[in-house]
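For reference, input-v6.pdb (PDB, C-alpha atoms and all ligand atoms):
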```pdb
MODEL        1
ATOM      1  CA  MET A   1      24.677 -20.054  -1.020  1.00  0.00           C
ATOM      2  CA  LEU A   2      22.562 -16.942  -0.860  1.00  0.00           C
ATOM      3  CA  SER A   3      23.531 -13.853   1.118  1.00  0.00           C
ATOM      4  CA  GLN A   4      21.245 -12.843   3.990  1.00  0.00           C
ATOM      5  CA  THR A   5      20.267  -9.710   2.068  1.00  0.00           C
ATOM      6  CA  MET A   6      19.325 -11.766  -0.972  1.00  0.00           C
ATOM      7  CA  VAL A   7      17.267 -14.119   1.221  1.00  0.00           C
ATOM      8  CA  GLN A   8      15.372 -11.088   2.560  1.00  0.00           C
ATOM      9  CA  HIS A   9      14.760  -9.726  -0.943  1.00  0.00           C
ATOM     10  CA  LEU A  10      13.550 -13.092  -2.216  1.00  0.00           C
ATOM     11  CA  ASN A  11      11.255 -13.555   0.794  1.00  0.00           C
ATOM     12  CA  ALA A  12       9.863 -10.063   0.150  1.00  0.00           C
ATOM     13  CA  GLN A  13       9.158 -11.075  -3.441  1.00  0.00           C
ATOM     14  CA  LEU A  14       7.462 -14.277  -2.256  1.00  0.00           C
ATOM     15  CA  ASN A  15       5.176 -12.037  -0.204  1.00  0.00           C
ATOM     16  CA  ARG A  16       4.557  -9.748  -3.204  1.00  0.00           C
ATOM     17  CA  GLU A  17       3.563 -12.738  -5.334  1.00  0.00           C
ATOM     18  CA  LEU A  18       1.124 -13.832  -2.614  1.00  0.00           C
ATOM     19  CA  TYR A  19      -0.210 -10.263  -2.567  1.00  0.00           C
ATOM     20  CA  SER A  20      -0.619 -10.487  -6.362  1.00  0.00           C
ATOM     21  CA  ALA A  21      -2.660 -13.664  -5.915  1.00  0.00           C
ATOM     22  CA  TYR A  22      -4.791 -11.868  -3.302  1.00  0.00           C
ATOM     23  CA  PHE A  23      -5.155  -8.830  -5.574  1.00  0.00           C
ATOM     24  CA  TYR A  24      -6.499 -11.017  -8.392  1.00  0.00           C
ATOM     25  CA  LEU A  25      -8.746 -12.995  -6.037  1.00  0.00           C
ATOM     26  CA  GLY A  26     -10.372  -9.696  -5.026  1.00  0.00           C
ATOM     27  CA  LEU A  27     -10.921  -8.732  -8.658  1.00  0.00           C
ATOM     28  CA  ALA A  28     -12.295 -12.224  -9.445  1.00  0.00           C
ATOM     29  CA  ALA A  29     -14.871 -11.886  -6.673  1.00  0.00           C
ATOM     30  CA  GLN A  30     -15.760  -8.356  -7.823  1.00  0.00           C
ATOM     31  CA  ALA A  31     -16.161  -9.461 -11.465  1.00  0.00           C
ATOM     32  CA  GLU A  32     -18.341 -12.375 -10.414  1.00  0.00           C
ATOM     33  CA  SER A  33     -20.556 -10.073  -8.343  1.00  0.00           C
ATOM     34  CA  MET A  34     -20.957  -7.974 -11.530  1.00  0.00           C
ATOM     35  CA  ASN A  35     -22.108 -11.123 -13.426  1.00  0.00           C
ATOM     36  CA  LEU A  36     -18.998 -11.031 -15.599  1.00  0.00           C
ATOM     37  CA  THR A  37     -18.227 -14.735 -15.614  1.00  0.00           C
ATOM     38  CA  GLY A  38     -15.453 -14.500 -18.226  1.00  0.00           C
ATOM     39  CA  ALA A  39     -13.614 -11.691 -16.433  1.00  0.00           C
ATOM     40  CA  ALA A  40     -14.121 -13.522 -13.106  1.00  0.00           C
ATOM     41  CA  ALA A  41     -12.603 -16.692 -14.610  1.00  0.00           C
ATOM     42  CA  TRP A  42      -9.655 -14.721 -16.001  1.00  0.00           C
ATOM     43  CA  PHE A  43      -8.901 -12.975 -12.697  1.00  0.00           C
ATOM     44  CA  PHE A  44      -9.287 -16.289 -10.894  1.00  0.00           C
ATOM     45  CA  ALA A  45      -6.829 -17.936 -13.308  1.00  0.00           C
ATOM     46  CA  LYS A  46      -4.406 -15.067 -12.573  1.00  0.00           C
ATOM     47  CA  HIS A  47      -4.838 -15.800  -8.863  1.00  0.00           C
ATOM     48  CA  GLY A  48      -3.659 -19.373  -9.529  1.00  0.00           C
ATOM     49  CA  GLU A  49      -0.772 -18.139 -11.667  1.00  0.00           C
ATOM     50  CA  GLU A  50       0.456 -15.775  -8.945  1.00  0.00           C
ATOM     51  CA  GLN A  51       0.280 -18.539  -6.340  1.00  0.00           C
ATOM     52  CA  ALA A  52       2.478 -20.603  -8.653  1.00  0.00           C
ATOM     53  CA  HIS A  53       4.913 -17.657  -8.847  1.00  0.00           C
ATOM     54  CA  ALA A  54       5.043 -17.469  -5.039  1.00  0.00           C
ATOM     55  CA  LEU A  55       5.805 -21.189  -4.934  1.00  0.00           C
ATOM     56  CA  ARG A  56       8.720 -20.741  -7.353  1.00  0.00           C
ATOM     57  CA  PHE A  57      10.336 -18.373  -4.821  1.00  0.00           C
ATOM     58  CA  TYR A  58       9.434 -20.763  -1.999  1.00  0.00           C
ATOM     59  CA  ARG A  59      11.069 -23.711  -3.800  1.00  0.00           C
ATOM     60  CA  TYR A  60      14.143 -21.702  -4.834  1.00  0.00           C
ATOM     61  CA  LEU A  61      14.771 -20.458  -1.279  1.00  0.00           C
ATOM     62  CA  LEU A  62      14.413 -23.965   0.176  1.00  0.00           C
ATOM     63  CA  ASP A  63      16.581 -25.510  -2.539  1.00  0.00           C
ATOM     64  CA  GLN A  64      19.261 -22.950  -1.651  1.00  0.00           C
ATOM     65  CA  GLY A  65      19.041 -23.939   2.028  1.00  0.00           C
ATOM     66  CA  ALA A  66      17.533 -20.568   2.993  1.00  0.00           C
ATOM     67  CA  CYS A  67      14.716 -19.894   5.459  1.00  0.00           C
ATOM     68  CA  ILE A  68      11.230 -19.026   4.336  1.00  0.00           C
ATOM     69  CA  GLU A  69       9.892 -16.033   6.218  1.00  0.00           C
ATOM     70  CA  LEU A  70       6.193 -15.598   5.707  1.00  0.00           C
ATOM     71  CA  SER A  71       4.825 -12.158   6.474  1.00  0.00           C
ATOM     72  CA  ALA A  72       1.342 -10.638   6.480  1.00  0.00           C
ATOM     73  CA  VAL A  73      -0.309 -10.207   3.092  1.00  0.00           C
ATOM     74  CA  ALA A  74      -1.883  -6.757   2.730  1.00  0.00           C
ATOM     75  CA  ALA A  75      -5.525  -6.327   1.756  1.00  0.00           C
ATOM     76  CA  PRO A  76      -5.918  -5.081  -1.821  1.00  0.00           C
ATOM     77  CA  GLU A  77      -7.200  -1.528  -2.354  1.00  0.00           C
ATOM     78  CA  PRO A  78     -10.785  -1.336  -3.630  1.00  0.00           C
ATOM     79  CA  VAL A  79     -11.154  -0.844  -7.398  1.00  0.00           C
ATOM     80  CA  GLU A  80     -14.054   0.877  -9.166  1.00  0.00           C
ATOM     81  CA  ARG A  81     -16.735  -1.598 -10.280  1.00  0.00           C
ATOM     82  CA  ARG A  82     -16.130  -1.216 -14.004  1.00  0.00           C
ATOM     83  CA  VAL A  83     -14.082  -3.457 -16.245  1.00  0.00           C
ATOM     84  CA  LEU A  84     -11.867  -0.733 -17.737  1.00  0.00           C
ATOM     85  CA  PRO A  85     -10.541   0.561 -14.368  1.00  0.00           C
ATOM     86  CA  MET A  86     -10.170  -3.040 -13.185  1.00  0.00           C
ATOM     87  CA  PHE A  87      -7.792  -3.743 -16.078  1.00  0.00           C
ATOM     88  CA  GLU A  88      -6.075  -0.365 -15.762  1.00  0.00           C
ATOM     89  CA  ARG A  89      -5.302  -1.263 -12.148  1.00  0.00           C
ATOM     90  CA  THR A  90      -4.106  -4.685 -13.307  1.00  0.00           C
ATOM     91  CA  LEU A  91      -1.595  -3.136 -15.720  1.00  0.00           C
ATOM     92  CA  GLU A  92      -0.387  -0.706 -13.061  1.00  0.00           C
ATOM     93  CA  HIS A  93       0.035  -3.627 -10.659  1.00  0.00           C
ATOM     94  CA  GLU A  94       1.987  -5.759 -13.145  1.00  0.00           C
ATOM     95  CA  ARG A  95       4.248  -2.833 -14.036  1.00  0.00           C
ATOM     96  CA  GLY A  96       5.034  -2.489 -10.348  1.00  0.00           C
ATOM     97  CA  VAL A  97       5.896  -6.193 -10.174  1.00  0.00           C
ATOM     98  CA  THR A  98       8.150  -5.881 -13.232  1.00  0.00           C
ATOM     99  CA  ALA A  99      10.010  -3.054 -11.472  1.00  0.00           C
ATOM    100  CA  THR A 100      10.581  -5.211  -8.369  1.00  0.00           C
ATOM    101  CA  ILE A 101      11.854  -8.133 -10.486  1.00  0.00           C
ATOM    102  CA  ASN A 102      14.281  -5.743 -12.195  1.00  0.00           C
ATOM    103  CA  GLU A 103      15.450  -4.516  -8.780  1.00  0.00           C
ATOM    104  CA  LEU A 104      16.060  -8.102  -7.672  1.00  0.00           C
ATOM    105  CA  ILE A 105      18.170  -8.709 -10.774  1.00  0.00           C
ATOM    106  CA  GLU A 106      20.178  -5.587  -9.979  1.00  0.00           C
ATOM    107  CA  TYR A 107      20.892  -6.925  -6.470  1.00  0.00           C
ATOM    108  CA  ALA A 108      21.893 -10.312  -7.921  1.00  0.00           C
ATOM    109  CA  LEU A 109      24.246  -8.568 -10.399  1.00  0.00           C
ATOM    110  CA  VAL A 110      25.874  -6.507  -7.649  1.00  0.00           C
ATOM    111  CA  GLU A 111      26.393  -9.630  -5.543  1.00  0.00           C
ATOM    112  CA  LYS A 112      27.580 -11.648  -8.574  1.00  0.00           C
ATOM    113  CA  ASP A 113      24.903 -14.162  -7.572  1.00  0.00           C
ATOM    114  CA  HIS A 114      24.637 -16.061 -10.872  1.00  0.00           C
ATOM    115  CA  ALA A 115      22.200 -18.693  -9.604  1.00  0.00           C
ATOM    116  CA  THR A 116      19.662 -16.055  -8.556  1.00  0.00           C
ATOM    117  CA  GLN A 117      20.166 -14.141 -11.788  1.00  0.00           C
ATOM    118  CA  ILE A 118      19.364 -17.278 -13.788  1.00  0.00           C
ATOM    119  CA  PHE A 119      16.402 -18.094 -11.539  1.00  0.00           C
ATOM    120  CA  LEU A 120      15.013 -14.588 -12.111  1.00  0.00           C
ATOM    121  CA  GLN A 121      15.337 -14.736 -15.907  1.00  0.00           C
ATOM    122  CA  TRP A 122      12.116 -16.767 -16.082  1.00  0.00           C
ATOM    123  CA  PHE A 123      10.271 -13.920 -14.328  1.00  0.00           C
ATOM    124  CA  VAL A 124      11.663 -11.306 -16.710  1.00  0.00           C
ATOM    125  CA  THR A 125      10.143 -13.169 -19.666  1.00  0.00           C
ATOM    126  CA  GLU A 126       6.951 -13.858 -17.729  1.00  0.00           C
ATOM    127  CA  GLN A 127       6.448 -10.158 -16.937  1.00  0.00           C
ATOM    128  CA  ILE A 128       6.834  -9.202 -20.619  1.00  0.00           C
ATOM    129  CA  GLU A 129       4.109 -11.704 -21.521  1.00  0.00           C
ATOM    130  CA  GLU A 130       1.808 -10.631 -18.686  1.00  0.00           C
ATOM    131  CA  GLU A 131       2.054  -6.934 -19.494  1.00  0.00           C
ATOM    132  CA  ALA A 132       1.497  -7.671 -23.194  1.00  0.00           C
ATOM    133  CA  THR A 133      -1.678  -9.657 -22.459  1.00  0.00           C
ATOM    134  CA  VAL A 134      -3.124  -6.944 -20.219  1.00  0.00           C
ATOM    135  CA  ASN A 135      -2.159  -4.226 -22.730  1.00  0.00           C
ATOM    136  CA  ASP A 136      -3.992  -6.159 -25.412  1.00  0.00           C
ATOM    137  CA  ILE A 137      -7.148  -6.533 -23.291  1.00  0.00           C
ATOM    138  CA  LEU A 138      -6.981  -2.839 -22.343  1.00  0.00           C
ATOM    139  CA  GLY A 139      -6.557  -1.827 -25.974  1.00  0.00           C
ATOM    140  CA  ARG A 140      -9.731  -3.690 -26.884  1.00  0.00           C
ATOM    141  CA  LEU A 141     -11.645  -2.223 -23.948  1.00  0.00           C
ATOM    142  CA  ARG A 142     -10.598   1.293 -24.977  1.00  0.00           C
ATOM    143  CA  LEU A 143     -11.466   0.662 -28.621  1.00  0.00           C
ATOM    144  CA  PHE A 144     -14.823  -1.065 -28.156  1.00  0.00           C
ATOM    145  CA  GLY A 145     -15.831   0.203 -24.692  1.00  0.00           C
ATOM    146  CA  ASP A 146     -16.664  -1.664 -21.506  1.00  0.00           C
ATOM    147  CA  GLN A 147     -20.457  -1.565 -21.777  1.00  0.00           C
ATOM    148  CA  GLY A 148     -23.241  -3.479 -23.542  1.00  0.00           C
ATOM    149  CA  GLN A 149     -22.427  -5.841 -26.411  1.00  0.00           C
ATOM    150  CA  ALA A 150     -18.750  -4.923 -26.491  1.00  0.00           C
ATOM    151  CA  LEU A 151     -18.504  -5.965 -22.865  1.00  0.00           C
ATOM    152  CA  LEU A 152     -20.279  -9.252 -23.571  1.00  0.00           C
ATOM    153  CA  MET A 153     -17.828  -9.943 -26.407  1.00  0.00           C
ATOM    154  CA  ILE A 154     -14.782  -9.165 -24.268  1.00  0.00           C
ATOM    155  CA  ASP A 155     -16.163 -11.185 -21.373  1.00  0.00           C
ATOM    156  CA  THR A 156     -16.492 -14.210 -23.685  1.00  0.00           C
ATOM    157  CA  GLU A 157     -12.941 -13.687 -24.915  1.00  0.00           C
ATOM    158  CA  LEU A 158     -11.698 -13.482 -21.312  1.00  0.00           C
ATOM    159  CA  SER A 159     -13.392 -16.785 -20.585  1.00  0.00           C
ATOM    160  CA  ASN A 160     -11.350 -18.410 -23.401  1.00  0.00           C
ATOM    161  CA  LEU A 161      -8.157 -16.714 -22.219  1.00  0.00           C
ATOM    162  CA  ALA A 162      -8.848 -17.964 -18.684  1.00  0.00           C
ATOM    163  CA  ARG A 163      -9.037 -21.567 -19.905  1.00  0.00           C
ATOM    164  CA  GLN A 164      -5.752 -21.219 -21.814  1.00  0.00           C
ATOM    165  CA  LEU A 165      -4.066 -19.601 -18.819  1.00  0.00           C
ATOM    166  CA  THR A 166      -5.235 -22.305 -16.411  1.00  0.00           C
ATOM    167  CA  VAL A 167      -3.823 -25.021 -18.706  1.00  0.00           C
ATOM    168  CA  ALA A 168      -0.535 -23.099 -19.135  1.00  0.00           C
ATOM    169  CA  VAL A 169      -0.158 -22.719 -15.343  1.00  0.00           C
ATOM    170  CA  GLN A 170      -0.852 -26.434 -14.816  1.00  0.00           C
ATOM    171  CA  ASN A 171       1.660 -27.419 -17.505  1.00  0.00           C
ATOM    172  CA  ALA A 172       4.327 -25.088 -16.084  1.00  0.00           C
ATOM    173  CA  ALA A 173       3.845 -26.642 -12.617  1.00  0.00           C
ATOM    174  CA  ALA A 174       4.006 -30.244 -13.941  1.00  0.00           C
ATOM    175  CA  PRO A 175       7.229 -32.079 -12.978  1.00  0.00           C
TER     176      PRO A 175
HETATM  177 FE    FE A 201       3.803 -12.834 -10.440  1.00  0.00          FE
HETATM  178 FE    FE A 202       1.595 -11.272 -12.594  1.00  0.00          FE
ENDMDL
END
```
As a first step, turn the structure in this file into structure tokens.
Ligand SMILES: [Fe+2]
Ligand SMILES: [Fe+2]
Amino acid sequence: MLSQTMVQHLNAQLNRELYSAYFYLGLAAQAESMNLTGAAAWFFAKHGEEQAHALRFYRYLLDQGACIELSAVAAPEPVERRVLPMFERTLEHERGVTATINELIEYALVEKDHATQIFLQWFVTEQIEEEATVNDILGRLRLFGDQGQALLMIDTELSNLARQLTVAVQNAAAP
């Protein structure tokens, strides 16, 4: 059984994952309005991935007999209409999420809540992978630039990454 404090922390994280989905949905719409179909597809795939993360917290809380408390999801801050700052903001966002996952693990350790610690392990690995992917995209954007042909090339690559991500999210959600 989860402590009331842990239930609050996990509900807060559920909200943060929904915010993440909203954050990526905003970037997907922005990329599409810039005619960047690959980047739009990638941000949209991230939106789906973050919804799946929120549902992991939802399922865990219910399986532990805890109450789901849904709270308002904040509107994302506007981001400059250029691909480089859009990915810089993405990395900053994911680093923030990693910090909150680490905080949750700290709480679980203090409470000797082994079930929650084990549940959170998946997110620790997931955050490493997510930061690595964004770092890689950012590295290429910094090396080749986010204009002209380089942008076209990266947009095509993002379209392929989006397809892979969508399949990975579907497979992870499969029973
Ligand atoms: Fe997430
Ligand atoms: Fe994420």
List the neighbours of Asp146 in chain A out to 12 Å using only C-alpha atoms; skip same-chain residues closer than 2 positions along the sequence, and give me the result as a list in words.
->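 Once the nearby chain positions are removed, what remains is Leu36, Ala39, Arg81, Arg82, Val83, Leu84, Pro85, Met86, Phe87, Ile137, Leu138, Gly139, Arg140, Leu141, Arg142, Leu143, Phe144, Gly148, Gln149, Ala150, Leu151, Leu152, Met153, Ile154 and Asp155 of chain A.
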Expected selection as a ChimeraX atom specification for ligand FE 201 (chain A) within 12 Å, only C-alpha atoms and all ligand atoms | /A:13-24,46-57,90,93-101,120,122-131,169
Between CA of Glu111 in chain A and CA of Leu10 in chain A, what is the spacing in Å?
-> 13.7 Å
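In this comparison, which uses all atoms listed in the file, the residue of A:Met1, A:Val79, A:Asn11, A:Ser71 approaching Leu104 in chain A most closely is A:Asn11.
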Shortest interatomic distance to Leu91 in chain A - which of A:Ala174, A:Ala66, A:Met34, A:Val134, counting all atoms listed in the file |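 Looking only at the distances to Leu91 in chain A, the closest residue turns out to be A:Val134.
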One residue among A:Ala29, A:Thr133, A:Leu161, A:Val110 is nearest to ligand FE 202 (chain A) when using only C-alpha atoms and all ligand atoms, and that residue is A:Thr133
Axis-aligned box over every listed atom of range 78-85 of chain A, padded by 5 Å per side: centre and edges in Å to one decimal, as AutoDock Vina command-line options?
```
--center_x -13.6 --center_y -1.3 --center_z -10.7 --size_x 16.2 --size_y 14.3 --size_z 24.1
```
With all atoms listed in the file as the atoms that count, which of A:Val73, A:Ala168, A:Glu80, A:Leu109 lies nearest to Ala31 in chain A?
-> A:Glu80
Work out how far apart CA of Ala41 in chain A and CA of Arg89 in chain A are and give it in Å to one decimal.
->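 Here the two named atoms are 17.2 Å from each other.
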A:Ala45, A:Ala28, A:Phe119, A:Asn160: which is nearest ligand FE 202 (chain A), counting all atoms listed in the file?
-> A:Ala45
Gap from CA of Arg163 in chain A to CA of Phe44 in chain A - Å, one decimal =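 Pair CA of Arg163 in chain A / CA of Phe44 in chain A returns 10.4 Å.
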So, counting all atoms listed in the file, which residue among A:Ala132, A:Thr156, A:Gly65, A:Ala172 is closest to ligand FE 202 (chain A)?
->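 Counting all atoms listed in the file, the residue closest to ligand FE 202 (chain A) is A:Ala132.
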